[in-house]
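The structure appears below as structure tokens.
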Amino acid sequence: MEIKNGKLLTIYISILSLLYAATGILEIISALLNLIIGIGLSWIPPDLFGGFSALVISAIFFKAIFPWRRRKKANPYLLGATLMSMIFGTLYILIFIATGIDAYIVNEEWKWITDLMRPEIWLAAASTPLTYMAWIKMLKEFKGKAN
């Protein structure tokens, strides 16, 4: 998939933006339900910070859609959104590992599947091809300007 293929790329970015928005809204709703009535959604983690960060990533991906359709430069938005996606995905993977080490040290049962089912981990994995394309394009442009 070339970065010049605007229609396919627009669909891909739109899907990622919608998935991040849905994740953010559901995490915020789950956190608020947990705060207000003490019961969150069982299938989504109650995380205000994670929900807000997912909404921010969604907004940046969404902002990248329209310049592609008008044949303008959207690469800064893609670079920002993919960088944030990778950072938060890596952060949740590190939290997963730390929770496992903690459970091992204190000899507790570890429900690893609940830690591994963080949506941000899987959304970061889904945005990896876009990350690769955007960063390779940026490096090529940077090398072209340096010469």
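Chain labels run A, B, ... following the order of the structure tokens; each chain numbers its residues from 1, and ligands are numbered from 1 in the order shown.
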
Can you list, as a ChimeraX atom specification, every protein, DNA or RNA residue that comes within 12 Å of Ala126 of chain A when you count only C-alpha atoms, leaving out same-chain residues fewer than 2 positions away?
/A:12-13,15-17,19-20,82,85-86,89,119-124,128-132

Keeping C-alpha atoms, export the residues of the selection given above as a PDB file, in the first residue's frame.
```
ATOM      1  CA  TYR A  12      -7.665   3.092   6.600  1.00  0.00           C
ATOM      2  CA  ILE A  13      -7.183   6.337   8.540  1.00  0.00           C
ATOM      3  CA  ILE A  15     -11.327   3.259  10.380  1.00  0.00           C
ATOM      4  CA  LEU A  16      -8.469   3.861  12.829  1.00  0.00           C
ATOM      5  CA  SER A  17      -9.959   7.198  13.825  1.00  0.00           C
ATOM      6  CA  LEU A  19     -11.914   2.754  16.431  1.00  0.00           C
ATOM      7  CA  TYR A  20      -9.862   5.091  18.618  1.00  0.00           C
ATOM      8  CA  THR A  82       1.090   7.234  14.781  1.00  0.00           C
ATOM      9  CA  SER A  85      -0.443   5.444  19.056  1.00  0.00           C
ATOM     10  CA  MET A  86       2.887   3.643  19.351  1.00  0.00           C
ATOM     11  CA  GLY A  89       0.545   0.961  22.894  1.00  0.00           C
ATOM     12  CA  PRO A 119      -7.702  -1.877  23.220  1.00  0.00           C
ATOM     13  CA  GLU A 120      -4.771   0.532  22.903  1.00  0.00           C
ATOM     14  CA  ILE A 121      -2.345  -2.381  22.452  1.00  0.00           C
ATOM     15  CA  TRP A 122      -4.330  -3.805  19.570  1.00  0.00           C
ATOM     16  CA  LEU A 123      -5.045  -0.409  17.997  1.00  0.00           C
ATOM     17  CA  ALA A 124      -1.310   0.353  18.059  1.00  0.00           C
ATOM     18  CA  THR A 128       1.760  -0.166  12.633  1.00  0.00           C
ATOM     19  CA  PRO A 129       1.634  -0.307   8.786  1.00  0.00           C
ATOM     20  CA  LEU A 130       0.557   3.330   8.686  1.00  0.00           C
ATOM     21  CA  THR A 131       3.327   4.199  11.130  1.00  0.00           C
ATOM     22  CA  TYR A 132       5.888   2.546   8.892  1.00  0.00           C
TER      23      TYR A 132
END
```

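If only C-alpha atoms are the atoms counted, then among A:Leu18, A:Leu78, A:Ala98, A:Val106 the closest residue to Ala64 of chain A is A:Leu78.
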
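Closest to Leu139 of chain A among A:Leu116, A:Ser42, A:Ile93, A:Asn75 is A:Asn75, based on only C-alpha atoms.
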
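When only C-alpha atoms are used to compute distances to Leu26 of chain A, the closest of the residues A:Gly144, A:Gly38, A:Gly100, A:Gly51 turns out to be A:Gly51.
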
Spatial neighbours of Ser30 of chain A, max dist 8 Å, only C-alpha atoms, sep filter under 5 positions, as a PyMOL selection string
chain A and resi 40-41+44-47

Members of chain A assigned alpha helix (DSSP H) by DSSP, as a VMD selection string:
chain A and resid 6 to 36 48 to 69 75 to 105 112 to 116 119 to 126 128 to 146
